[in-house]
$ cat final_35.tsv   # TSV, N, CA and C atoms
chain	number	residue	atom	x	y	z
A	1	MET	N	-0.20	-6.37	19.58
A	1	MET	CA	0.48	-5.10	19.63
A	1	MET	C	-0.06	-4.20	18.53
A	2	ALA	N	-0.41	-3.00	18.87
A	2	ALA	CA	-0.99	-2.05	17.92
A	2	ALA	C	0.09	-1.43	17.05
A	3	GLU	N	-0.28	-1.05	15.86
A	3	GLU	CA	0.63	-0.37	14.94
A	3	GLU	C	0.13	1.05	14.72
A	4	LEU	N	1.04	2.00	14.80
A	4	LEU	CA	0.70	3.39	14.54
A	4	LEU	C	0.72	3.61	13.03
A	5	VAL	N	-0.38	4.06	12.47
A	5	VAL	CA	-0.46	4.35	11.04
A	5	VAL	C	-0.64	5.86	10.91
A	6	PRO	N	0.43	6.57	10.58
A	6	PRO	CA	0.34	8.03	10.50
A	6	PRO	C	-0.41	8.51	9.26
A	7	PHE	N	-0.94	9.71	9.35
A	7	PHE	CA	-1.60	10.33	8.20
A	7	PHE	C	-0.51	10.99	7.35
A	8	ALA	N	0.34	10.16	6.76
A	8	ALA	CA	1.45	10.62	5.95
A	8	ALA	C	1.67	9.62	4.82
A	9	VAL	N	2.34	10.08	3.76
A	9	VAL	CA	2.66	9.20	2.64
A	9	VAL	C	3.59	8.10	3.17
A	10	PRO	N	3.23	6.82	2.96
A	10	PRO	CA	4.08	5.73	3.46
A	10	PRO	C	5.44	5.73	2.76
A	11	THR	N	6.51	5.65	3.56
A	11	THR	CA	7.86	5.69	2.98
A	11	THR	C	8.70	4.49	3.38
A	12	GLY	N	8.36	3.78	4.43
A	12	GLY	CA	9.21	2.71	4.92
A	12	GLY	C	9.26	1.51	4.02
A	13	SER	N	10.44	0.87	3.96
A	13	SER	CA	10.58	-0.34	3.15
A	13	SER	C	9.72	-1.47	3.71
A	14	ASP	N	9.37	-1.39	5.00
A	14	ASP	CA	8.53	-2.42	5.60
A	14	ASP	C	7.07	-2.30	5.17
A	15	LYS	N	6.74	-1.24	4.42
A	15	LYS	CA	5.37	-1.06	3.90
A	15	LYS	C	5.31	-1.24	2.39
A	16	THR	N	6.45	-1.59	1.78
A	16	THR	CA	6.56	-1.68	0.33
A	16	THR	C	6.83	-3.11	-0.10
A	17	LEU	N	6.02	-3.60	-1.03
A	17	LEU	CA	6.23	-4.93	-1.61
A	17	LEU	C	6.77	-4.78	-3.03
A	18	LEU	N	7.75	-5.61	-3.35
A	18	LEU	CA	8.25	-5.72	-4.72
A	18	LEU	C	7.71	-7.03	-5.27
A	19	VAL	N	7.02	-6.97	-6.39
A	19	VAL	CA	6.39	-8.15	-7.00
A	19	VAL	C	6.99	-8.31	-8.39
A	20	TRP	N	7.55	-9.49	-8.68
A	20	TRP	CA	8.09	-9.69	-10.00
A	20	TRP	C	7.70	-11.05	-10.55
A	21	GLU	N	8.12	-11.28	-11.81
A	21	GLU	CA	7.70	-12.43	-12.61
A	21	GLU	C	6.22	-12.34	-12.96
A	22	LEU	N	5.78	-11.11	-13.22
A	22	LEU	CA	4.42	-10.89	-13.71
A	22	LEU	C	4.40	-11.17	-15.20
A	23	SER	N	3.35	-11.77	-15.67
A	23	SER	CA	3.21	-12.19	-17.06
A	23	SER	C	3.29	-11.02	-18.03
A	24	SER	N	3.79	-11.32	-19.23
A	24	SER	CA	3.86	-10.28	-20.27
A	24	SER	C	2.59	-10.22	-21.10
A	25	GLY	N	1.64	-11.14	-20.86
A	25	GLY	CA	0.41	-11.18	-21.66
A	25	GLY	C	-0.50	-9.98	-21.47
A	26	PRO	N	-0.94	-9.69	-20.23
A	26	PRO	CA	-1.85	-8.56	-20.02
A	26	PRO	C	-1.12	-7.22	-20.13
A	27	THR	N	-1.90	-6.18	-20.27
A	27	THR	CA	-1.32	-4.83	-20.28
A	27	THR	C	-0.93	-4.43	-18.85
A	28	ALA	N	-0.10	-3.40	-18.75
A	28	ALA	CA	0.29	-2.89	-17.43
A	28	ALA	C	-0.94	-2.45	-16.64
A	29	GLU	N	-1.91	-1.83	-17.32
A	29	GLU	CA	-3.13	-1.37	-16.65
A	29	GLU	C	-3.94	-2.55	-16.11
A	30	ALA	N	-4.04	-3.63	-16.89
A	30	ALA	CA	-4.78	-4.82	-16.44
A	30	ALA	C	-4.08	-5.46	-15.24
A	31	LEU	N	-2.75	-5.51	-15.28
A	31	LEU	CA	-1.99	-6.06	-14.15
A	31	LEU	C	-2.17	-5.20	-12.91
A	32	GLN	N	-2.16	-3.89	-13.10
A	32	GLN	CA	-2.35	-2.98	-11.97
A	32	GLN	C	-3.70	-3.23	-11.30
A	33	HIS	N	-4.73	-3.39	-12.10
A	33	HIS	CA	-6.06	-3.67	-11.56
A	33	HIS	C	-6.09	-5.01	-10.82
A	34	SER	N	-5.49	-6.05	-11.41
A	34	SER	CA	-5.46	-7.37	-10.77
A	34	SER	C	-4.69	-7.33	-9.46
A	35	LEU	N	-3.55	-6.65	-9.45
A	35	LEU	CA	-2.75	-6.54	-8.23
A	35	LEU	C	-3.51	-5.78	-7.15
A	36	PHE	N	-4.17	-4.69	-7.54
A	36	PHE	CA	-4.95	-3.92	-6.57
A	36	PHE	C	-6.05	-4.80	-5.96
A	37	THR	N	-6.73	-5.56	-6.79
A	37	THR	CA	-7.81	-6.42	-6.32
A	37	THR	C	-7.29	-7.45	-5.31
A	38	VAL	N	-6.17	-8.11	-5.62
A	38	VAL	CA	-5.63	-9.14	-4.74
A	38	VAL	C	-5.12	-8.53	-3.44
A	39	PHE	N	-4.28	-7.50	-3.54
A	39	PHE	CA	-3.59	-7.00	-2.35
A	39	PHE	C	-4.45	-6.11	-1.47
A	40	SER	N	-5.51	-5.55	-1.98
A	40	SER	CA	-6.39	-4.73	-1.14
A	40	SER	C	-7.14	-5.59	-0.12
A	41	HIS	N	-7.15	-6.91	-0.31
A	41	HIS	CA	-7.76	-7.80	0.69
A	41	HIS	C	-6.95	-7.84	1.99
A	42	PHE	N	-5.70	-7.43	1.93
A	42	PHE	CA	-4.83	-7.47	3.11
A	42	PHE	C	-4.80	-6.16	3.87
A	43	GLY	N	-5.25	-5.07	3.25
A	43	GLY	CA	-5.24	-3.78	3.92
A	43	GLY	C	-5.33	-2.66	2.90
A	44	LEU	N	-5.41	-1.45	3.42
A	44	LEU	CA	-5.54	-0.28	2.56
A	44	LEU	C	-4.23	-0.02	1.82
A	45	LEU	N	-4.32	0.15	0.51
A	45	LEU	CA	-3.15	0.40	-0.33
A	45	LEU	C	-3.00	1.89	-0.59
A	46	TYR	N	-1.76	2.35	-0.55
A	46	TYR	CA	-1.48	3.73	-0.95
A	46	TYR	C	-1.29	3.79	-2.47
A	47	SER	N	-0.54	2.83	-3.03
A	47	SER	CA	-0.32	2.84	-4.47
A	47	SER	C	0.05	1.45	-4.99
A	48	VAL	N	-0.24	1.25	-6.28
A	48	VAL	CA	0.18	0.06	-7.02
A	48	VAL	C	0.73	0.58	-8.34
A	49	ARG	N	2.02	0.34	-8.57
A	49	ARG	CA	2.67	0.81	-9.80
A	49	ARG	C	3.28	-0.38	-10.52
A	50	VAL	N	3.03	-0.48	-11.82
A	50	VAL	CA	3.52	-1.58	-12.64
A	50	VAL	C	4.50	-1.02	-13.66
A	51	PHE	N	5.64	-1.72	-13.83
A	51	PHE	CA	6.70	-1.28	-14.74
A	51	PHE	C	7.12	-2.43	-15.64
A	52	PRO	N	7.53	-2.14	-16.88
A	52	PRO	CA	8.05	-3.20	-17.74
A	52	PRO	C	9.42	-3.64	-17.23
A	53	ASN	N	9.72	-4.94	-17.39
A	53	ASN	CA	11.03	-5.45	-17.03
A	53	ASN	C	12.11	-4.77	-17.86
A	54	ALA	N	13.31	-4.72	-17.33
A	54	ALA	CA	14.45	-4.27	-18.11
A	54	ALA	C	14.68	-5.26	-19.25
A	55	ALA	N	15.27	-4.80	-20.34
A	55	ALA	CA	15.46	-5.64	-21.52
A	55	ALA	C	16.22	-6.92	-21.19
A	56	VAL	N	17.20	-6.85	-20.29
A	56	VAL	CA	18.00	-8.04	-19.97
A	56	VAL	C	17.19	-9.08	-19.19
A	57	ALA	N	16.10	-8.66	-18.56
A	57	ALA	CA	15.27	-9.59	-17.78
A	57	ALA	C	14.24	-10.31	-18.63
A	58	GLY	N	14.07	-9.89	-19.86
A	58	GLY	CA	13.08	-10.53	-20.73
A	58	GLY	C	11.73	-9.87	-20.61
A	59	PRO	N	10.75	-10.36	-21.38
A	59	PRO	CA	9.42	-9.74	-21.37
A	59	PRO	C	8.72	-9.95	-20.02
A	60	GLY	N	7.81	-9.07	-19.73
A	60	GLY	CA	7.05	-9.17	-18.49
A	60	GLY	C	7.10	-7.87	-17.72
A	61	PHE	N	6.60	-7.93	-16.51
A	61	PHE	CA	6.48	-6.73	-15.68
A	61	PHE	C	6.88	-7.02	-14.25
A	62	TYR	N	7.12	-5.96	-13.50
A	62	TYR	CA	7.27	-6.04	-12.04
A	62	TYR	C	6.44	-4.90	-11.46
A	63	ALA	N	6.17	-4.99	-10.17
A	63	ALA	CA	5.32	-3.98	-9.53
A	63	ALA	C	5.88	-3.57	-8.18
A	64	VAL	N	5.53	-2.36	-7.78
A	64	VAL	CA	5.84	-1.83	-6.46
A	64	VAL	C	4.50	-1.48	-5.82
A	65	ILE	N	4.21	-2.10	-4.68
A	65	ILE	CA	2.94	-1.90	-3.98
A	65	ILE	C	3.23	-1.31	-2.62
A	66	LYS	N	2.58	-0.18	-2.31
A	66	LYS	CA	2.78	0.46	-1.01
A	66	LYS	C	1.51	0.36	-0.17
A	67	PHE	N	1.68	-0.15	1.03
A	67	PHE	CA	0.61	-0.23	2.02
A	67	PHE	C	0.79	0.93	3.01
A	68	TYR	N	-0.27	1.30	3.69
A	68	TYR	CA	-0.17	2.24	4.81
A	68	TYR	C	0.39	1.52	6.03
A	69	SER	N	0.14	0.23	6.15
A	69	SER	CA	0.49	-0.54	7.33
A	69	SER	C	1.58	-1.57	7.03
A	70	ALA	N	2.65	-1.57	7.83
A	70	ALA	CA	3.71	-2.56	7.69
A	70	ALA	C	3.18	-3.96	7.99
A	71	ARG	N	2.28	-4.07	8.94
A	71	ARG	CA	1.70	-5.38	9.29
A	71	ARG	C	0.93	-5.95	8.11
A	72	ASP	N	0.15	-5.12	7.42
A	72	ASP	CA	-0.60	-5.59	6.26
A	72	ASP	C	0.33	-6.02	5.13
A	73	ALA	N	1.40	-5.25	4.91
A	73	ALA	CA	2.37	-5.60	3.85
A	73	ALA	C	3.01	-6.95	4.15
A	74	HIS	N	3.38	-7.16	5.39
A	74	HIS	CA	4.03	-8.43	5.79
A	74	HIS	C	3.07	-9.62	5.60
A	75	ARG	N	1.81	-9.44	6.02
A	75	ARG	CA	0.82	-10.52	5.84
A	75	ARG	C	0.62	-10.84	4.36
A	76	ALA	N	0.55	-9.81	3.53
A	76	ALA	CA	0.35	-10.01	2.09
A	76	ALA	C	1.55	-10.74	1.48
A	77	GLN	N	2.75	-10.37	1.88
A	77	GLN	CA	3.95	-11.02	1.35
A	77	GLN	C	3.96	-12.49	1.71
A	78	LYS	N	3.67	-12.81	2.97
A	78	LYS	CA	3.68	-14.22	3.41
A	78	LYS	C	2.60	-15.03	2.70
A	79	ALA	N	1.43	-14.45	2.52
A	79	ALA	CA	0.30	-15.18	1.93
A	79	ALA	C	0.41	-15.36	0.42
A	80	CYS	N	1.06	-14.43	-0.27
A	80	CYS	CA	1.02	-14.42	-1.73
A	80	CYS	C	2.31	-14.82	-2.43
A	81	ASN	N	3.43	-14.84	-1.72
A	81	ASN	CA	4.70	-15.18	-2.36
A	81	ASN	C	4.65	-16.61	-2.91
A	82	GLN	N	5.14	-16.77	-4.14
A	82	GLN	CA	5.20	-18.05	-4.84
A	82	GLN	C	3.81	-18.63	-5.14
A	83	LYS	N	2.79	-17.76	-5.18
A	83	LYS	CA	1.42	-18.19	-5.53
A	83	LYS	C	1.10	-17.69	-6.94
A	84	GLN	N	0.16	-18.34	-7.59
A	84	GLN	CA	-0.22	-17.96	-8.95
A	84	GLN	C	-1.07	-16.70	-8.96
A	85	LEU	N	-1.83	-16.46	-7.92
A	85	LEU	CA	-2.71	-15.31	-7.81
A	85	LEU	C	-3.66	-15.23	-8.98
A	86	PHE	N	-3.35	-14.46	-10.00
A	86	PHE	CA	-4.27	-14.25	-11.13
A	86	PHE	C	-3.63	-14.67	-12.46
A	87	GLN	N	-2.50	-15.35	-12.41
A	87	GLN	CA	-1.84	-15.79	-13.64
A	87	GLN	C	-1.41	-17.25	-13.50
A	88	LYS	N	-0.96	-17.87	-14.60
A	88	LYS	CA	-0.65	-19.30	-14.60
A	88	LYS	C	0.64	-19.63	-13.87
A	89	SER	N	1.58	-18.69	-13.81
A	89	SER	CA	2.85	-18.94	-13.13
A	89	SER	C	2.90	-18.17	-11.81
A	90	PRO	N	3.65	-18.68	-10.83
A	90	PRO	CA	3.71	-17.99	-9.54
A	90	PRO	C	4.49	-16.68	-9.63
A	91	VAL	N	4.14	-15.76	-8.76
A	91	VAL	CA	4.87	-14.49	-8.66
A	91	VAL	C	5.80	-14.56	-7.46
A	92	LYS	N	6.81	-13.72	-7.46
A	92	LYS	CA	7.72	-13.61	-6.32
A	92	LYS	C	7.47	-12.26	-5.66
A	93	ILE	N	7.45	-12.28	-4.33
A	93	ILE	CA	7.14	-11.06	-3.58
A	93	ILE	C	8.12	-10.94	-2.42
A	94	ARG	N	8.70	-9.76	-2.28
A	94	ARG	CA	9.59	-9.47	-1.17
A	94	ARG	C	9.23	-8.10	-0.59
A	95	LEU	N	9.48	-7.96	0.69
A	95	LEU	CA	9.37	-6.63	1.30
A	95	LEU	C	10.49	-5.78	0.73
A	96	GLY	N	10.27	-4.46	0.68
A	96	GLY	CA	11.26	-3.54	0.14
A	96	GLY	C	12.62	-3.72	0.79
A	97	THR	N	13.67	-3.34	0.09
A	97	THR	CA	15.02	-3.56	0.58
A	97	THR	C	15.73	-2.26	0.92
A	98	GLN	N	15.00	-1.19	1.03
A	98	GLN	CA	15.58	0.11	1.35
A	98	GLN	C	16.22	0.05	2.74
A	99	HIS	N	17.36	0.69	2.91
A	99	HIS	CA	18.03	0.67	4.21
A	99	HIS	C	17.27	1.50	5.23
A	100	LYS	N	17.20	0.99	6.44
A	100	LYS	CA	16.48	1.67	7.52
A	100	LYS	C	17.15	2.98	7.89
A	101	ALA	N	18.47	3.11	7.66
A	101	ALA	CA	19.20	4.30	8.08
A	101	ALA	C	18.75	5.55	7.31
A	102	VAL	N	18.18	5.35	6.12
A	102	VAL	CA	17.75	6.49	5.32
A	102	VAL	C	16.48	7.08	5.95
A	103	GLN	N	16.53	8.33	6.30
A	103	GLN	CA	15.37	8.99	6.89
A	103	GLN	C	14.64	9.80	5.82
A	104	HIS	N	13.36	9.74	5.84
A	104	HIS	CA	12.54	10.50	4.90
A	104	HIS	C	11.73	11.52	5.68
A	105	ASN	N	11.57	12.68	5.10
A	105	ASN	CA	10.65	13.64	5.69
A	105	ASN	C	9.24	13.15	5.40
A	106	ALA	N	8.41	13.12	6.42
A	106	ALA	CA	7.04	12.66	6.23
A	106	ALA	C	6.26	13.69	5.44
A	107	LEU	N	5.70	13.26	4.33
A	107	LEU	CA	4.86	14.13	3.52
A	107	LEU	C	3.42	13.92	3.94
A	108	ALA	N	2.72	14.99	4.23
A	108	ALA	CA	1.32	14.89	4.65
A	108	ALA	C	0.47	14.38	3.50
A	109	LEU	N	-0.55	13.62	3.83
A	109	LEU	CA	-1.51	13.17	2.82
A	109	LEU	C	-2.44	14.30	2.45
A	110	ASN	N	-2.94	14.28	1.21
A	110	ASN	CA	-3.95	15.28	0.86
A	110	ASN	C	-5.26	14.91	1.56
A	111	SER	N	-6.23	15.80	1.55
A	111	SER	CA	-7.44	15.60	2.35
A	111	SER	C	-8.23	14.37	1.93
A	112	SER	N	-8.28	14.05	0.64
A	112	SER	CA	-9.05	12.87	0.21
A	112	SER	C	-8.37	11.58	0.68
A	113	ARG	N	-7.03	11.55	0.70
A	113	ARG	CA	-6.31	10.38	1.20
A	113	ARG	C	-6.50	10.25	2.72
A	114	CYS	N	-6.50	11.38	3.43
A	114	CYS	CA	-6.76	11.34	4.88
A	114	CYS	C	-8.14	10.77	5.16
A	115	GLN	N	-9.12	11.21	4.39
A	115	GLN	CA	-10.49	10.73	4.55
A	115	GLN	C	-10.57	9.24	4.25
A	116	GLU	N	-9.89	8.80	3.19
A	116	GLU	CA	-9.86	7.38	2.84
A	116	GLU	C	-9.25	6.55	3.97
A	117	LEU	N	-8.15	7.02	4.53
A	117	LEU	CA	-7.47	6.32	5.62
A	117	LEU	C	-8.36	6.25	6.87
A	118	ALA	N	-8.99	7.38	7.23
A	118	ALA	CA	-9.88	7.40	8.39
A	118	ALA	C	-11.08	6.48	8.18
A	119	ASN	N	-11.66	6.51	7.00
A	119	ASN	CA	-12.80	5.64	6.71
A	119	ASN	C	-12.42	4.17	6.81
A	120	TYR	N	-11.24	3.82	6.32
A	120	TYR	CA	-10.82	2.42	6.33
A	120	TYR	C	-10.61	1.92	7.76
A	121	TYR	N	-9.86	2.67	8.56
A	121	TYR	CA	-9.51	2.19	9.89
A	121	TYR	C	-10.57	2.46	10.95
A	122	PHE	N	-11.37	3.51	10.77
A	122	PHE	CA	-12.39	3.81	11.77
A	122	PHE	C	-13.78	3.36	11.34
A	123	GLY	N	-13.92	2.93	10.08
A	123	GLY	CA	-15.16	2.33	9.61
A	123	GLY	C	-16.34	3.27	9.49
A	124	PHE	N	-16.10	4.53	9.23
A	124	PHE	CA	-17.19	5.48	9.10
A	124	PHE	C	-17.03	6.21	7.79
A	125	ASN	N	-18.04	6.19	6.94
A	125	ASN	CA	-17.92	6.78	5.62
A	125	ASN	C	-18.71	8.08	5.53
A	126	GLY	N	-18.37	9.03	6.34
A	126	GLY	CA	-19.08	10.31	6.29
A	126	GLY	C	-18.35	11.38	7.08
A	127	TRP	N	-17.04	11.34	7.05
A	127	TRP	CA	-16.25	12.32	7.80
A	127	TRP	C	-16.45	13.71	7.22
A	128	SER	N	-16.47	14.67	8.09
A	128	SER	CA	-16.61	16.07	7.66
A	128	SER	C	-15.24	16.63	7.35
A	129	LYS	N	-15.16	17.51	6.37
A	129	LYS	CA	-13.90	18.17	6.04
A	129	LYS	C	-13.79	19.52	6.76
A	130	ARG	N	-14.84	19.88	7.52
A	130	ARG	CA	-14.81	21.15	8.25
A	130	ARG	C	-13.92	21.03	9.47
A	131	ILE	N	-13.24	22.10	9.78
A	131	ILE	CA	-12.43	22.15	10.99
A	131	ILE	C	-13.26	22.87	12.04
A	132	ILE	N	-13.44	22.20	13.16
A	132	ILE	CA	-14.25	22.76	14.22
A	132	ILE	C	-13.32	23.16	15.37
A	133	LYS	N	-13.41	24.41	15.75
A	133	LYS	CA	-12.58	24.90	16.84
A	133	LYS	C	-13.34	24.77	18.15
A	134	GLY	N	-12.70	24.18	19.11
A	134	GLY	CA	-13.33	24.02	20.41
A	134	GLY	C	-12.79	25.05	21.39
A	135	HIS	N	-13.59	25.39	22.38
A	135	HIS	CA	-13.17	26.32	23.43
A	135	HIS	C	-13.27	25.61	24.76
A	136	TYR	N	-12.29	25.84	25.58
A	136	TYR	CA	-12.31	25.25	26.93
A	136	TYR	C	-12.82	26.30	27.91
A	137	HIS	N	-13.67	25.88	28.77
A	137	HIS	CA	-14.21	26.77	29.80
A	137	HIS	C	-13.75	26.27	31.16
A	138	SER	N	-13.26	27.16	31.98
A	138	SER	CA	-12.86	26.75	33.33
A	138	SER	C	-14.05	26.88	34.26
A	139	LEU	N	-14.10	26.02	35.21
A	139	LEU	CA	-15.20	26.03	36.18
A	139	LEU	C	-14.90	26.87	37.36

$ encode --input "final_35.tsv" --output "structure tokens"
Amino acid sequence: MAELVPFAVPTGSDKTLLVWELSSGPTAEALQHSLFTVFSHFGLLYSVRVFPNAAVAGPGFYAVIKFYSARDAHRAQKACNQKQLFQKSPVKIRLGTQHKAVQHNALALNSSRCQELANYYFGFNGWSKRIIKGHYHSL
């Protein structure tokens, strides 16, 4: 079954992974790079954001990873949950928990993100940014 991937900022909880129990050793930037490297193997990522744990949770970090594709996010969650990935202890990964009833207005992607999305799914790295107007001629 095909999945429709719109040219819009991903908003659904089914496209968002929550990753926690990230080590406190590396910097947030190093963790962001490691997470991007691991999760980009499952599909095109819109964003990877790393945050420090709340004080009550102890040292360490958690991350929010957004995919363009819900199918890719689900595959990544199943493959990586409770795995060590790039650190000595396993990480925990869940799909986002946002309620489906909340509707978001779709925000259009900027032109470079549109080009990145088209290149990834259509496999062509040379899209034109020009808009070409076509004319229909009747016979």

$ closest_residue --input "final_35.tsv" --among "A:Pro90, A:Gly43, A:Gly96, A:Gly60" --to "Asp72 of chain A" --atoms "only N, CA and C atoms"
A:Gly43

$ residues_near_point --input "final_35.tsv" --point "(7.4, -3.7, -11.8)" --cutoff "7 Å" --atoms "all atoms listed in the file" --output "PyMOL selection string"
chain A and resi 19-20+49-53+61-64

$ residues_around --input "final_35.tsv" --residues "Ala76 of chain A" --least-positions-apart "5" --cutoff "6.5 Å" --atoms "all atoms listed in the file" --output "list in words"
Phe42, Arg71 and Asn81 of chain A

$ axis_aligned_box --input "final_35.tsv" --around "segment 57-68 of chain A" --padding-each-side "5 Å" --output "lines of an AutoDock Vina configuration file"
center_x = 7.9
center_y = -4.1
center_z = -7.7
size_x = 26.4
size_y = 22.8
size_z = 37.4

$ closest_residue --input "final_35.tsv" --among "A:Ser40, A:Ala2, A:Pro59, A:Val48" --to "Ser24 of chain A" --atoms "only N, CA and C atoms"
A:Pro59

$ closest_residue --input "final_35.tsv" --among "A:Val5, A:Pro10, A:His33, A:Gly58" --to "Leu107 of chain A" --atoms "all atoms listed in the file"
A:Pro10

$ select_by_dssp --input "final_35.tsv" --residues "chain A" --states "alpha helix (DSSP H)" --output "PyMOL selection string"
chain A and resi 28-39+70-80+111-122

$ residues_around --input "final_35.tsv" --residues "His74 of chain A" --least-positions-apart "6" --cutoff "8 Å" --atoms "only N, CA and C atoms" --output "ChimeraX atom specification"
/A:14-17,80,95

$ residues_around --input "final_35.tsv" --residues "Asn110 of chain A" --least-positions-apart "4" --cutoff "8 Å" --atoms "all atoms listed in the file" --output "list of chain:residue names"
A:Phe7, A:Ala8, A:Val9, A:Cys114, A:Gln115, A:Glu116

$ closest_residue --input "final_35.tsv" --among "A:Lys92, A:Leu18, A:Lys83, A:Asn119" --to "Lys66 of chain A" --atoms "all atoms listed in the file"
A:Leu18

$ residues_around --input "final_35.tsv" --residues "Leu4 of chain A" --least-positions-apart "4" --cutoff "8 Å" --atoms "only N, CA and C atoms" --output "PyMOL selection string"
chain A and resi 68-70

$ closest_residue --input "final_35.tsv" --among "A:Leu22, A:Ala57, A:Thr11, A:Ile65" --to "Gln82 of chain A" --atoms "only C-alpha atoms"
A:Leu22

$ atom_distance --input "final_35.tsv" --atom1 "atom N of Glu21 of chain A" --atom2 "atom N of His41 of chain A"
19.6 Å

$ closest_residue --input "final_35.tsv" --among "A:Phe122, A:Phe86, A:Phe67, A:Tyr46" --to "Pro26 of chain A" --atoms "only C-alpha atoms"
A:Phe86

$ atom_distance --input "final_35.tsv" --atom1 "atom CA of Phe39 of chain A" --atom2 "atom CA of Leu109 of chain A"
20.9 Å

$ atom_distance --input "final_35.tsv" --atom1 "atom CA of Lys78 of chain A" --atom2 "atom C of Arg94 of chain A"
9.2 Å

$ select_by_dssp --input "final_35.tsv" --residues "segment 40-70 of chain A" --states "strand (DSSP E)" --output "PyMOL selection string"
chain A and resi 45-52+61-67
